[in-house]
$ cat my_file08.txt   # compact mmCIF, N, CA and C atoms
# COMPACT_ATOMS: atom_id res chain seq x y z
N GLN K 1 9.24 -16.32 10.03
CA GLN K 1 8.34 -15.28 10.50
C GLN K 1 8.36 -14.12 9.51
N VAL K 2 7.20 -13.73 9.04
CA VAL K 2 7.09 -12.67 8.06
C VAL K 2 6.98 -11.33 8.78
N GLN K 3 7.76 -10.39 8.32
CA GLN K 3 7.69 -9.03 8.87
C GLN K 3 7.63 -8.02 7.74
N LEU K 4 6.85 -6.99 7.93
CA LEU K 4 6.74 -5.89 6.97
C LEU K 4 7.20 -4.62 7.68
N VAL K 5 8.22 -4.00 7.12
CA VAL K 5 8.78 -2.80 7.73
C VAL K 5 8.60 -1.63 6.78
N GLU K 6 7.84 -0.65 7.23
CA GLU K 6 7.54 0.52 6.42
C GLU K 6 8.52 1.64 6.71
N SER K 7 8.71 2.49 5.72
CA SER K 7 9.47 3.72 5.91
C SER K 7 8.84 4.78 5.02
N GLY K 8 9.14 6.02 5.33
CA GLY K 8 8.51 7.12 4.63
C GLY K 8 7.39 7.68 5.47
N GLY K 9 6.55 8.46 4.87
CA GLY K 9 5.49 9.08 5.64
C GLY K 9 5.94 10.40 6.24
N GLY K 10 5.04 11.04 6.95
CA GLY K 10 5.35 12.34 7.55
C GLY K 10 4.32 13.36 7.13
N SER K 11 4.77 14.62 7.11
CA SER K 11 3.87 15.72 6.78
C SER K 11 4.29 16.38 5.48
N GLU K 12 3.31 16.79 4.72
CA GLU K 12 3.56 17.43 3.44
C GLU K 12 2.41 18.38 3.16
N GLN K 13 2.70 19.38 2.35
CA GLN K 13 1.64 20.30 1.95
C GLN K 13 0.90 19.76 0.73
N ALA K 14 -0.31 20.21 0.56
CA ALA K 14 -1.11 19.81 -0.59
C ALA K 14 -0.35 20.14 -1.88
N GLY K 15 -0.40 19.18 -2.80
CA GLY K 15 0.32 19.33 -4.05
C GLY K 15 1.70 18.72 -4.03
N GLY K 16 2.17 18.38 -2.86
CA GLY K 16 3.49 17.80 -2.73
C GLY K 16 3.51 16.31 -3.01
N SER K 17 4.68 15.71 -2.83
CA SER K 17 4.88 14.29 -3.11
C SER K 17 5.52 13.60 -1.91
N MET K 18 5.34 12.30 -1.87
CA MET K 18 5.91 11.50 -0.79
C MET K 18 6.01 10.07 -1.29
N ARG K 19 7.00 9.34 -0.79
CA ARG K 19 7.12 7.94 -1.16
C ARG K 19 7.20 7.08 0.09
N LEU K 20 6.39 6.04 0.09
CA LEU K 20 6.41 5.05 1.15
C LEU K 20 7.11 3.79 0.64
N SER K 21 7.85 3.15 1.53
CA SER K 21 8.52 1.90 1.20
C SER K 21 8.10 0.82 2.17
N CYS K 22 8.09 -0.40 1.70
CA CYS K 22 7.76 -1.53 2.56
C CYS K 22 8.66 -2.70 2.20
N LYS K 23 9.50 -3.07 3.14
CA LYS K 23 10.37 -4.22 2.92
C LYS K 23 9.79 -5.43 3.62
N VAL K 24 9.65 -6.49 2.88
CA VAL K 24 9.08 -7.72 3.41
C VAL K 24 10.22 -8.70 3.70
N SER K 25 10.24 -9.24 4.89
CA SER K 25 11.20 -10.28 5.22
C SER K 25 10.46 -11.53 5.62
N GLY K 26 11.12 -12.67 5.41
CA GLY K 26 10.47 -13.94 5.69
C GLY K 26 9.86 -14.53 4.43
N PHE K 27 9.40 -15.73 4.54
CA PHE K 27 8.90 -16.48 3.39
C PHE K 27 7.39 -16.46 3.34
N ILE K 28 6.86 -16.03 2.19
CA ILE K 28 5.42 -16.06 1.95
C ILE K 28 5.18 -17.07 0.84
N ALA K 29 4.54 -18.16 1.18
CA ALA K 29 4.38 -19.27 0.23
C ALA K 29 3.62 -18.85 -1.02
N SER K 30 2.65 -17.97 -0.87
CA SER K 30 1.81 -17.58 -1.99
C SER K 30 2.29 -16.29 -2.65
N ARG K 31 3.54 -15.98 -2.48
CA ARG K 31 4.08 -14.73 -3.00
C ARG K 31 3.82 -14.55 -4.48
N ASP K 32 3.91 -15.62 -5.24
CA ASP K 32 3.77 -15.51 -6.68
C ASP K 32 2.33 -15.34 -7.15
N SER K 33 1.38 -15.61 -6.29
CA SER K 33 -0.02 -15.52 -6.71
C SER K 33 -0.81 -14.43 -6.00
N MET K 34 -0.35 -14.03 -4.83
CA MET K 34 -1.07 -13.03 -4.09
C MET K 34 -0.35 -11.69 -4.16
N GLY K 35 -1.03 -10.65 -3.73
CA GLY K 35 -0.50 -9.31 -3.91
C GLY K 35 0.15 -8.73 -2.68
N MET K 36 0.89 -7.65 -2.93
CA MET K 36 1.45 -6.82 -1.87
C MET K 36 0.99 -5.40 -2.15
N GLY K 37 0.86 -4.61 -1.11
CA GLY K 37 0.41 -3.26 -1.39
C GLY K 37 0.16 -2.44 -0.15
N TRP K 38 -0.81 -1.53 -0.28
CA TRP K 38 -1.05 -0.54 0.76
C TRP K 38 -2.53 -0.35 1.03
N PHE K 39 -2.83 -0.17 2.29
CA PHE K 39 -4.14 0.23 2.76
C PHE K 39 -3.97 1.54 3.54
N ARG K 40 -5.06 2.22 3.77
CA ARG K 40 -5.02 3.40 4.62
C ARG K 40 -6.29 3.50 5.44
N GLN K 41 -6.14 4.18 6.56
CA GLN K 41 -7.29 4.39 7.44
C GLN K 41 -7.23 5.80 8.00
N ALA K 42 -8.22 6.58 7.65
CA ALA K 42 -8.36 7.93 8.18
C ALA K 42 -9.19 7.88 9.46
N PRO K 43 -9.06 8.89 10.32
CA PRO K 43 -9.84 8.90 11.55
C PRO K 43 -11.34 8.74 11.29
N LEU K 44 -11.96 7.87 12.03
CA LEU K 44 -13.41 7.62 11.98
C LEU K 44 -13.84 6.98 10.67
N LYS K 45 -12.91 6.48 9.89
CA LYS K 45 -13.27 5.81 8.64
C LYS K 45 -12.74 4.38 8.65
N GLU K 46 -13.31 3.56 7.78
CA GLU K 46 -12.85 2.19 7.67
C GLU K 46 -11.54 2.14 6.89
N ARG K 47 -10.77 1.09 7.16
CA ARG K 47 -9.54 0.88 6.41
C ARG K 47 -9.91 0.54 4.97
N GLU K 48 -9.19 1.12 4.03
CA GLU K 48 -9.50 0.89 2.63
C GLU K 48 -8.23 0.54 1.85
N ALA K 49 -8.41 -0.26 0.82
CA ALA K 49 -7.29 -0.61 -0.06
C ALA K 49 -6.93 0.60 -0.91
N VAL K 50 -5.64 0.82 -1.06
CA VAL K 50 -5.15 1.93 -1.87
C VAL K 50 -4.51 1.43 -3.15
N ALA K 51 -3.64 0.43 -3.02
CA ALA K 51 -2.92 -0.05 -4.20
C ALA K 51 -2.43 -1.46 -3.95
N VAL K 52 -2.33 -2.23 -5.01
CA VAL K 52 -1.83 -3.59 -4.94
C VAL K 52 -0.97 -3.86 -6.16
N ILE K 53 0.05 -4.69 -5.98
CA ILE K 53 0.88 -5.15 -7.08
C ILE K 53 1.08 -6.65 -6.95
N TYR K 54 1.01 -7.34 -8.08
CA TYR K 54 1.22 -8.78 -8.10
C TYR K 54 2.62 -9.02 -8.66
N SER K 55 3.45 -9.65 -7.83
CA SER K 55 4.89 -9.65 -8.09
C SER K 55 5.27 -10.34 -9.40
N THR K 56 4.61 -11.43 -9.74
CA THR K 56 5.01 -12.17 -10.93
C THR K 56 4.58 -11.47 -12.22
N SER K 57 3.34 -11.02 -12.25
CA SER K 57 2.82 -10.40 -13.47
C SER K 57 3.12 -8.91 -13.54
N GLY K 58 3.31 -8.28 -12.39
CA GLY K 58 3.48 -6.84 -12.36
C GLY K 58 2.18 -6.06 -12.47
N ILE K 59 1.07 -6.78 -12.50
CA ILE K 59 -0.23 -6.10 -12.59
C ILE K 59 -0.48 -5.29 -11.33
N THR K 60 -1.01 -4.09 -11.52
CA THR K 60 -1.31 -3.21 -10.40
C THR K 60 -2.75 -2.71 -10.48
N TYR K 61 -3.29 -2.41 -9.32
CA TYR K 61 -4.57 -1.73 -9.21
C TYR K 61 -4.41 -0.63 -8.17
N VAL K 62 -5.06 0.49 -8.42
CA VAL K 62 -5.11 1.55 -7.43
C VAL K 62 -6.56 1.99 -7.25
N ALA K 63 -6.85 2.52 -6.09
CA ALA K 63 -8.20 2.99 -5.80
C ALA K 63 -8.55 4.17 -6.69
N ASP K 64 -9.82 4.30 -7.00
CA ASP K 64 -10.27 5.40 -7.85
C ASP K 64 -9.89 6.75 -7.26
N SER K 65 -9.89 6.85 -5.94
CA SER K 65 -9.63 8.13 -5.28
C SER K 65 -8.18 8.60 -5.44
N VAL K 66 -7.29 7.70 -5.82
CA VAL K 66 -5.88 8.08 -5.98
C VAL K 66 -5.38 7.84 -7.40
N LYS K 67 -6.24 7.39 -8.26
CA LYS K 67 -5.83 7.08 -9.63
C LYS K 67 -5.27 8.34 -10.31
N GLY K 68 -4.15 8.15 -10.99
CA GLY K 68 -3.49 9.27 -11.64
C GLY K 68 -2.55 10.03 -10.73
N ARG K 69 -2.59 9.75 -9.44
CA ARG K 69 -1.70 10.44 -8.49
C ARG K 69 -0.75 9.48 -7.77
N PHE K 70 -1.22 8.29 -7.46
CA PHE K 70 -0.42 7.31 -6.72
C PHE K 70 0.00 6.19 -7.67
N THR K 71 1.21 5.71 -7.47
CA THR K 71 1.74 4.61 -8.26
C THR K 71 2.41 3.61 -7.33
N ILE K 72 2.14 2.34 -7.55
CA ILE K 72 2.79 1.29 -6.78
C ILE K 72 3.81 0.60 -7.67
N SER K 73 4.95 0.28 -7.07
CA SER K 73 6.00 -0.42 -7.82
C SER K 73 6.71 -1.38 -6.87
N GLN K 74 7.61 -2.17 -7.43
CA GLN K 74 8.28 -3.17 -6.61
C GLN K 74 9.72 -3.37 -7.06
N ASP K 75 10.50 -3.85 -6.14
CA ASP K 75 11.85 -4.31 -6.43
C ASP K 75 11.90 -5.75 -5.94
N ASN K 76 11.74 -6.67 -6.86
CA ASN K 76 11.65 -8.08 -6.47
C ASN K 76 12.94 -8.57 -5.81
N ALA K 77 14.06 -8.02 -6.23
CA ALA K 77 15.33 -8.48 -5.68
C ALA K 77 15.42 -8.23 -4.19
N SER K 78 14.88 -7.11 -3.74
CA SER K 78 14.96 -6.78 -2.32
C SER K 78 13.65 -7.04 -1.59
N TYR K 79 12.66 -7.57 -2.34
CA TYR K 79 11.34 -7.86 -1.76
C TYR K 79 10.77 -6.60 -1.09
N THR K 80 10.85 -5.52 -1.83
CA THR K 80 10.38 -4.22 -1.35
C THR K 80 9.37 -3.67 -2.33
N HIS K 81 8.32 -3.06 -1.83
CA HIS K 81 7.42 -2.35 -2.72
C HIS K 81 7.23 -0.93 -2.24
N TYR K 82 6.84 -0.09 -3.17
CA TYR K 82 6.82 1.33 -2.94
C TYR K 82 5.47 1.91 -3.32
N LEU K 83 5.12 3.01 -2.66
CA LEU K 83 3.94 3.77 -3.04
C LEU K 83 4.40 5.20 -3.26
N GLN K 84 4.41 5.61 -4.51
CA GLN K 84 4.74 6.98 -4.86
C GLN K 84 3.46 7.79 -4.88
N MET K 85 3.41 8.82 -4.07
CA MET K 85 2.21 9.63 -3.94
C MET K 85 2.51 11.04 -4.42
N ASN K 86 1.86 11.44 -5.48
CA ASN K 86 2.04 12.78 -6.04
C ASN K 86 0.76 13.58 -5.91
N ASN K 87 0.90 14.87 -6.03
CA ASN K 87 -0.25 15.78 -5.95
C ASN K 87 -1.13 15.43 -4.74
N LEU K 88 -0.48 15.35 -3.60
CA LEU K 88 -1.18 14.97 -2.38
C LEU K 88 -2.29 15.96 -2.04
N LYS K 89 -3.35 15.42 -1.47
CA LYS K 89 -4.50 16.22 -1.06
C LYS K 89 -4.74 16.02 0.43
N PRO K 90 -5.36 16.99 1.08
CA PRO K 90 -5.66 16.83 2.51
C PRO K 90 -6.44 15.55 2.80
N GLU K 91 -7.29 15.13 1.89
CA GLU K 91 -8.07 13.91 2.11
C GLU K 91 -7.23 12.64 2.03
N ASP K 92 -5.96 12.76 1.66
CA ASP K 92 -5.05 11.62 1.69
C ASP K 92 -4.49 11.40 3.10
N THR K 93 -4.76 12.31 4.00
CA THR K 93 -4.29 12.17 5.37
C THR K 93 -4.86 10.90 5.99
N ALA K 94 -3.98 10.04 6.47
CA ALA K 94 -4.41 8.76 7.03
C ALA K 94 -3.19 8.02 7.56
N MET K 95 -3.45 6.94 8.26
CA MET K 95 -2.41 5.99 8.60
C MET K 95 -2.34 5.01 7.43
N TYR K 96 -1.16 4.85 6.90
CA TYR K 96 -0.96 3.95 5.76
C TYR K 96 -0.31 2.67 6.23
N TYR K 97 -0.88 1.55 5.81
CA TYR K 97 -0.40 0.25 6.23
C TYR K 97 0.09 -0.54 5.02
N CYS K 98 1.29 -1.05 5.15
CA CYS K 98 1.80 -2.01 4.19
C CYS K 98 1.10 -3.34 4.44
N ALA K 99 0.83 -4.08 3.37
CA ALA K 99 0.14 -5.36 3.52
C ALA K 99 0.69 -6.35 2.52
N ALA K 100 0.60 -7.62 2.88
CA ALA K 100 1.09 -8.67 1.98
C ALA K 100 0.18 -9.88 2.06
N ASP K 101 0.24 -10.66 0.98
CA ASP K 101 -0.52 -11.91 0.90
C ASP K 101 -2.02 -11.62 0.90
N PHE K 102 -2.47 -10.83 -0.07
CA PHE K 102 -3.89 -10.55 -0.21
C PHE K 102 -4.24 -10.45 -1.68
N PHE K 103 -5.54 -10.41 -1.93
CA PHE K 103 -6.01 -10.25 -3.30
C PHE K 103 -7.02 -9.12 -3.35
N TRP K 104 -6.85 -8.27 -4.35
CA TRP K 104 -7.79 -7.18 -4.58
C TRP K 104 -7.74 -6.87 -6.07
N ASN K 105 -8.92 -6.73 -6.66
CA ASN K 105 -8.94 -6.49 -8.09
C ASN K 105 -9.26 -5.04 -8.42
N GLY K 106 -9.11 -4.18 -7.42
CA GLY K 106 -9.40 -2.77 -7.65
C GLY K 106 -10.87 -2.44 -7.48
N GLY K 107 -11.67 -3.47 -7.26
CA GLY K 107 -13.11 -3.26 -7.08
C GLY K 107 -13.58 -3.87 -5.79
N SER K 108 -14.63 -4.63 -5.86
CA SER K 108 -15.25 -5.14 -4.64
C SER K 108 -14.73 -6.50 -4.21
N TYR K 109 -14.09 -7.23 -5.10
CA TYR K 109 -13.63 -8.58 -4.75
C TYR K 109 -12.26 -8.51 -4.10
N SER K 110 -12.14 -9.13 -2.95
CA SER K 110 -10.87 -9.09 -2.25
C SER K 110 -10.74 -10.26 -1.28
N VAL K 111 -9.50 -10.59 -1.01
CA VAL K 111 -9.16 -11.52 0.07
C VAL K 111 -8.28 -10.73 1.02
N PRO K 112 -8.62 -10.62 2.28
CA PRO K 112 -7.88 -9.72 3.18
C PRO K 112 -6.44 -10.14 3.38
N PRO K 113 -5.59 -9.18 3.69
CA PRO K 113 -4.17 -9.48 3.91
C PRO K 113 -3.95 -10.41 5.09
N LYS K 114 -2.93 -11.22 4.89
CA LYS K 114 -2.52 -12.11 5.97
C LYS K 114 -1.47 -11.43 6.86
N TYR K 115 -0.73 -10.49 6.26
CA TYR K 115 0.35 -9.82 6.97
C TYR K 115 0.19 -8.30 6.85
N TRP K 116 0.54 -7.63 7.95
CA TRP K 116 0.42 -6.17 8.01
C TRP K 116 1.70 -5.55 8.57
N GLY K 117 2.00 -4.34 8.10
CA GLY K 117 3.02 -3.55 8.74
C GLY K 117 2.42 -2.79 9.92
N GLN K 118 3.28 -2.04 10.59
CA GLN K 118 2.84 -1.34 11.80
C GLN K 118 2.12 -0.04 11.50
N GLY K 119 2.22 0.44 10.27
CA GLY K 119 1.55 1.67 9.87
C GLY K 119 2.48 2.87 9.93
N THR K 120 2.27 3.80 9.02
CA THR K 120 3.03 5.04 9.02
C THR K 120 2.06 6.18 8.71
N GLN K 121 2.18 7.25 9.45
CA GLN K 121 1.24 8.36 9.33
C GLN K 121 1.62 9.27 8.17
N VAL K 122 0.63 9.61 7.37
CA VAL K 122 0.78 10.60 6.31
C VAL K 122 -0.20 11.73 6.59
N THR K 123 0.32 12.94 6.70
CA THR K 123 -0.51 14.10 6.98
C THR K 123 -0.29 15.14 5.89
N VAL K 124 -1.38 15.55 5.27
CA VAL K 124 -1.30 16.53 4.19
C VAL K 124 -2.06 17.78 4.61
N SER K 125 -1.38 18.90 4.61
CA SER K 125 -2.00 20.15 5.02
C SER K 125 -2.35 21.00 3.80
N SER K 126 -3.40 21.76 3.95
CA SER K 126 -3.86 22.59 2.83
C SER K 126 -3.16 23.93 2.81

$ encode --input "my_file08.txt" --output "structure tokens"
Amino acid sequence: QVQLVESGGGSEQAGGSMRLSCKVSGFIASRDSMGMGWFRQAPLKEREAVAVIYSTSGITYVADSVKGRFTISQDNASYTHYLQMNNLKPEDTAMYYCAADFFWNGGSYSVPPKYWGQGTQVTVSS
């Protein structure tokens, strides 16, 4: 049984930093070919992809709205991935979801995640 457990999140002022962690437990057969990463959903908005990392190649993509501010990384030994968020803005306020077993190329082509975390709230005040 695959489980994604998130940590981090909370409240921060604009310009601040925060790091989210996601530990994946269980076996994902397509781990070497599919991505792990983060989505977010703000109130009254659709869930959107934020960042993805492909474990074997280390290739990453981030959304244009966070480019230059957010970085995704991984620790393959512990099957954990991280989202480092710098220079936070009020528009980054959302529920952030860890996701696994999906494909996203940073643009319009994607395969939706098979696994989701429970979500962690990030609130940025101005």

$ closest_residue --input "my_file08.txt" --among "K:Ala51, K:Val5, K:Lys89, K:Gln84" --to "Trp38 in chain K" --atoms "all atoms listed in the file"
K:Ala51

$ closest_residue --input "my_file08.txt" --among "K:Ala99, K:Tyr82, K:Thr60, K:Gln118" --to "Leu20 in chain K" --atoms "only N, CA and C atoms"
K:Tyr82

$ atom_distance --input "my_file08.txt" --atom1 "CA of Thr80 in chain K" --atom2 "CA of Gln3 in chain K"
11.6 Å

$ atom_distance --input "my_file08.txt" --atom1 "CA of Ile72 in chain K" --atom2 "CA of Leu44 in chain K"
25.6 Å

$ select_by_dssp --input "my_file08.txt" --residues "range 2-125 of chain K" --states "helix (DSSP H, G or I)" --output "list in words"
Asp64, Ser65, Val66, Pro90, Glu91 and Asp92 of chain K

$ select_by_dssp --input "my_file08.txt" --residues "chain K" --states "strand (DSSP E or B)" --output "CSV table (one decimal) with N, CA and C atoms, in the coordinates of the input"
chain,number,residue,atom,x,y,z
K,3,GLN,N,7.8,-10.4,8.3
K,3,GLN,CA,7.7,-9.0,8.9
K,3,GLN,C,7.6,-8.0,7.7
K,4,LEU,N,6.8,-7.0,7.9
K,4,LEU,CA,6.7,-5.9,7.0
K,4,LEU,C,7.2,-4.6,7.7
K,5,VAL,N,8.2,-4.0,7.1
K,5,VAL,CA,8.8,-2.8,7.7
K,5,VAL,C,8.6,-1.6,6.8
K,6,GLU,N,7.8,-0.6,7.2
K,6,GLU,CA,7.5,0.5,6.4
K,6,GLU,C,8.5,1.6,6.7
K,7,SER,N,8.7,2.5,5.7
K,7,SER,CA,9.5,3.7,5.9
K,7,SER,C,8.8,4.8,5.0
K,10,GLY,N,5.0,11.0,7.0
K,10,GLY,CA,5.4,12.3,7.6
K,10,GLY,C,4.3,13.4,7.1
K,11,SER,N,4.8,14.6,7.1
K,11,SER,CA,3.9,15.7,6.8
K,11,SER,C,4.3,16.4,5.5
K,12,GLU,N,3.3,16.8,4.7
K,12,GLU,CA,3.6,17.4,3.4
K,12,GLU,C,2.4,18.4,3.2
K,13,GLN,N,2.7,19.4,2.4
K,13,GLN,CA,1.6,20.3,2.0
K,13,GLN,C,0.9,19.8,0.7
K,18,MET,N,5.3,12.3,-1.9
K,18,MET,CA,5.9,11.5,-0.8
K,18,MET,C,6.0,10.1,-1.3
K,19,ARG,N,7.0,9.3,-0.8
K,19,ARG,CA,7.1,7.9,-1.2
K,19,ARG,C,7.2,7.1,0.1
K,20,LEU,N,6.4,6.0,0.1
K,20,LEU,CA,6.4,5.0,1.2
K,20,LEU,C,7.1,3.8,0.6
K,21,SER,N,7.8,3.2,1.5
K,21,SER,CA,8.5,1.9,1.2
K,21,SER,C,8.1,0.8,2.2
K,22,CYS,N,8.1,-0.4,1.7
K,22,CYS,CA,7.8,-1.5,2.6
K,22,CYS,C,8.7,-2.7,2.2
K,23,LYS,N,9.5,-3.1,3.1
K,23,LYS,CA,10.4,-4.2,2.9
K,23,LYS,C,9.8,-5.4,3.6
K,24,VAL,N,9.6,-6.5,2.9
K,24,VAL,CA,9.1,-7.7,3.4
K,24,VAL,C,10.2,-8.7,3.7
K,25,SER,N,10.2,-9.2,4.9
K,25,SER,CA,11.2,-10.3,5.2
K,25,SER,C,10.5,-11.5,5.6
K,35,GLY,N,-1.0,-10.6,-3.7
K,35,GLY,CA,-0.5,-9.3,-3.9
K,35,GLY,C,0.2,-8.7,-2.7
K,36,MET,N,0.9,-7.6,-2.9
K,36,MET,CA,1.4,-6.8,-1.9
K,36,MET,C,1.0,-5.4,-2.2
K,37,GLY,N,0.9,-4.6,-1.1
K,37,GLY,CA,0.4,-3.3,-1.4
K,37,GLY,C,0.2,-2.4,-0.2
K,38,TRP,N,-0.8,-1.5,-0.3
K,38,TRP,CA,-1.0,-0.5,0.8
K,38,TRP,C,-2.5,-0.4,1.0
K,39,PHE,N,-2.8,-0.2,2.3
K,39,PHE,CA,-4.1,0.2,2.8
K,39,PHE,C,-4.0,1.5,3.5
K,40,ARG,N,-5.1,2.2,3.8
K,40,ARG,CA,-5.0,3.4,4.6
K,40,ARG,C,-6.3,3.5,5.4
K,41,GLN,N,-6.1,4.2,6.6
K,41,GLN,CA,-7.3,4.4,7.4
K,41,GLN,C,-7.2,5.8,8.0
K,48,GLU,N,-9.2,1.1,4.0
K,48,GLU,CA,-9.5,0.9,2.6
K,48,GLU,C,-8.2,0.5,1.8
K,49,ALA,N,-8.4,-0.3,0.8
K,49,ALA,CA,-7.3,-0.6,-0.1
K,49,ALA,C,-6.9,0.6,-0.9
K,50,VAL,N,-5.6,0.8,-1.1
K,50,VAL,CA,-5.2,1.9,-1.9
K,50,VAL,C,-4.5,1.4,-3.2
K,51,ALA,N,-3.6,0.4,-3.0
K,51,ALA,CA,-2.9,0.0,-4.2
K,51,ALA,C,-2.4,-1.5,-4.0
K,52,VAL,N,-2.3,-2.2,-5.0
K,52,VAL,CA,-1.8,-3.6,-4.9
K,52,VAL,C,-1.0,-3.9,-6.2
K,53,ILE,N,0.0,-4.7,-6.0
K,53,ILE,CA,0.9,-5.2,-7.1
K,53,ILE,C,1.1,-6.6,-7.0
K,54,TYR,N,1.0,-7.3,-8.1
K,54,TYR,CA,1.2,-8.8,-8.1
K,54,TYR,C,2.6,-9.0,-8.7
K,60,THR,N,-1.0,-4.1,-11.5
K,60,THR,CA,-1.3,-3.2,-10.4
K,60,THR,C,-2.8,-2.7,-10.5
K,61,TYR,N,-3.3,-2.4,-9.3
K,61,TYR,CA,-4.6,-1.7,-9.2
K,61,TYR,C,-4.4,-0.6,-8.2
K,62,VAL,N,-5.1,0.5,-8.4
K,62,VAL,CA,-5.1,1.6,-7.4
K,62,VAL,C,-6.6,2.0,-7.2
K,70,PHE,N,-1.2,8.3,-7.5
K,70,PHE,CA,-0.4,7.3,-6.7
K,70,PHE,C,0.0,6.2,-7.7
K,71,THR,N,1.2,5.7,-7.5
K,71,THR,CA,1.7,4.6,-8.3
K,71,THR,C,2.4,3.6,-7.3
K,72,ILE,N,2.1,2.3,-7.6
K,72,ILE,CA,2.8,1.3,-6.8
K,72,ILE,C,3.8,0.6,-7.7
K,73,SER,N,5.0,0.3,-7.1
K,73,SER,CA,6.0,-0.4,-7.8
K,73,SER,C,6.7,-1.4,-6.9
K,74,GLN,N,7.6,-2.2,-7.4
K,74,GLN,CA,8.3,-3.2,-6.6
K,74,GLN,C,9.7,-3.4,-7.1
K,75,ASP,N,10.5,-3.8,-6.1
K,75,ASP,CA,11.8,-4.3,-6.4
K,75,ASP,C,11.9,-5.8,-5.9
K,80,THR,N,10.8,-5.5,-1.8
K,80,THR,CA,10.4,-4.2,-1.4
K,80,THR,C,9.4,-3.7,-2.3
K,81,HIS,N,8.3,-3.1,-1.8
K,81,HIS,CA,7.4,-2.4,-2.7
K,81,HIS,C,7.2,-0.9,-2.2
K,82,TYR,N,6.8,-0.1,-3.2
K,82,TYR,CA,6.8,1.3,-2.9
K,82,TYR,C,5.5,1.9,-3.3
K,83,LEU,N,5.1,3.0,-2.7
K,83,LEU,CA,3.9,3.8,-3.0
K,83,LEU,C,4.4,5.2,-3.3
K,84,GLN,N,4.4,5.6,-4.5
K,84,GLN,CA,4.7,7.0,-4.9
K,84,GLN,C,3.5,7.8,-4.9
K,85,MET,N,3.4,8.8,-4.1
K,85,MET,CA,2.2,9.6,-3.9
K,85,MET,C,2.5,11.0,-4.4
K,94,ALA,N,-4.0,10.0,6.5
K,94,ALA,CA,-4.4,8.8,7.0
K,94,ALA,C,-3.2,8.0,7.6
K,95,MET,N,-3.4,6.9,8.3
K,95,MET,CA,-2.4,6.0,8.6
K,95,MET,C,-2.3,5.0,7.4
K,96,TYR,N,-1.2,4.8,6.9
K,96,TYR,CA,-1.0,4.0,5.8
K,96,TYR,C,-0.3,2.7,6.2
K,97,TYR,N,-0.9,1.6,5.8
K,97,TYR,CA,-0.4,0.2,6.2
K,97,TYR,C,0.1,-0.5,5.0
K,98,CYS,N,1.3,-1.0,5.2
K,98,CYS,CA,1.8,-2.0,4.2
K,98,CYS,C,1.1,-3.3,4.4
K,99,ALA,N,0.8,-4.1,3.4
K,99,ALA,CA,0.1,-5.4,3.5
K,99,ALA,C,0.7,-6.4,2.5
K,100,ALA,N,0.6,-7.6,2.9
K,100,ALA,CA,1.1,-8.7,2.0
K,100,ALA,C,0.2,-9.9,2.1
K,101,ASP,N,0.2,-10.7,1.0
K,101,ASP,CA,-0.5,-11.9,0.9
K,101,ASP,C,-2.0,-11.6,0.9
K,102,PHE,N,-2.5,-10.8,-0.1
K,102,PHE,CA,-3.9,-10.6,-0.2
K,102,PHE,C,-4.2,-10.4,-1.7
K,103,PHE,N,-5.5,-10.4,-1.9
K,103,PHE,CA,-6.0,-10.2,-3.3
K,103,PHE,C,-7.0,-9.1,-3.4
K,104,TRP,N,-6.8,-8.3,-4.4
K,104,TRP,CA,-7.8,-7.2,-4.6
K,104,TRP,C,-7.7,-6.9,-6.1
K,110,SER,N,-12.1,-9.1,-3.0
K,110,SER,CA,-10.9,-9.1,-2.2
K,110,SER,C,-10.7,-10.3,-1.3
K,111,VAL,N,-9.5,-10.6,-1.0
K,111,VAL,CA,-9.2,-11.5,0.1
K,111,VAL,C,-8.3,-10.7,1.0
K,115,TYR,N,-0.7,-10.5,6.3
K,115,TYR,CA,0.4,-9.8,7.0
K,115,TYR,C,0.2,-8.3,6.8
K,116,TRP,N,0.5,-7.6,8.0
K,116,TRP,CA,0.4,-6.2,8.0
K,116,TRP,C,1.7,-5.6,8.6
K,120,THR,N,2.3,3.8,9.0
K,120,THR,CA,3.0,5.0,9.0
K,120,THR,C,2.1,6.2,8.7
K,121,GLN,N,2.2,7.2,9.4
K,121,GLN,CA,1.2,8.4,9.3
K,121,GLN,C,1.6,9.3,8.2
K,122,VAL,N,0.6,9.6,7.4
K,122,VAL,CA,0.8,10.6,6.3
K,122,VAL,C,-0.2,11.7,6.6
K,123,THR,N,0.3,12.9,6.7
K,123,THR,CA,-0.5,14.1,7.0
K,123,THR,C,-0.3,15.1,5.9
K,124,VAL,N,-1.4,15.6,5.3
K,124,VAL,CA,-1.3,16.5,4.2
K,124,VAL,C,-2.1,17.8,4.6
K,125,SER,N,-1.4,18.9,4.6
K,125,SER,CA,-2.0,20.2,5.0
K,125,SER,C,-2.4,21.0,3.8

$ closest_residue --input "my_file08.txt" --among "K:Val50, K:Met36, K:Val2, K:Ala94" --to "Val66 in chain K" --atoms "only N, CA and C atoms"
K:Val50

$ residues_around --input "my_file08.txt" --residues "Glu48 in chain K" --least-positions-apart "5" --cutoff "8 Å" --atoms "only C-alpha atoms" --output "PDB file with N, CA and C atoms, in the frame of the given file"
ATOM      1  N   PHE K  39      -2.830  -0.170   2.290  1.00  0.00           N
ATOM      2  CA  PHE K  39      -4.140   0.230   2.760  1.00  0.00           C
ATOM      3  C   PHE K  39      -3.970   1.540   3.540  1.00  0.00           C
ATOM      4  N   ARG K  40      -5.060   2.220   3.770  1.00  0.00           N
ATOM      5  CA  ARG K  40      -5.020   3.400   4.620  1.00  0.00           C
ATOM      6  C   ARG K  40      -6.290   3.500   5.440  1.00  0.00           C
ATOM      7  N   GLN K  41      -6.140   4.180   6.560  1.00  0.00           N
ATOM      8  CA  GLN K  41      -7.290   4.390   7.440  1.00  0.00           C
ATOM      9  C   GLN K  41      -7.230   5.800   8.000  1.00  0.00           C
TER      10      GLN K  41
END

$ residues_near_point --input "my_file08.txt" --point "(-1.1, 10.6, 10.7)" --cutoff "7 Å" --atoms "all atoms listed in the file" --output "ChimeraX atom specification"
/K:93-96,120-123

$ closest_residue --input "my_file08.txt" --among "K:Tyr54, K:Asn105, K:Gly8, K:Asn86" --to "Gly68 in chain K" --atoms "only N, CA and C atoms"
K:Asn86
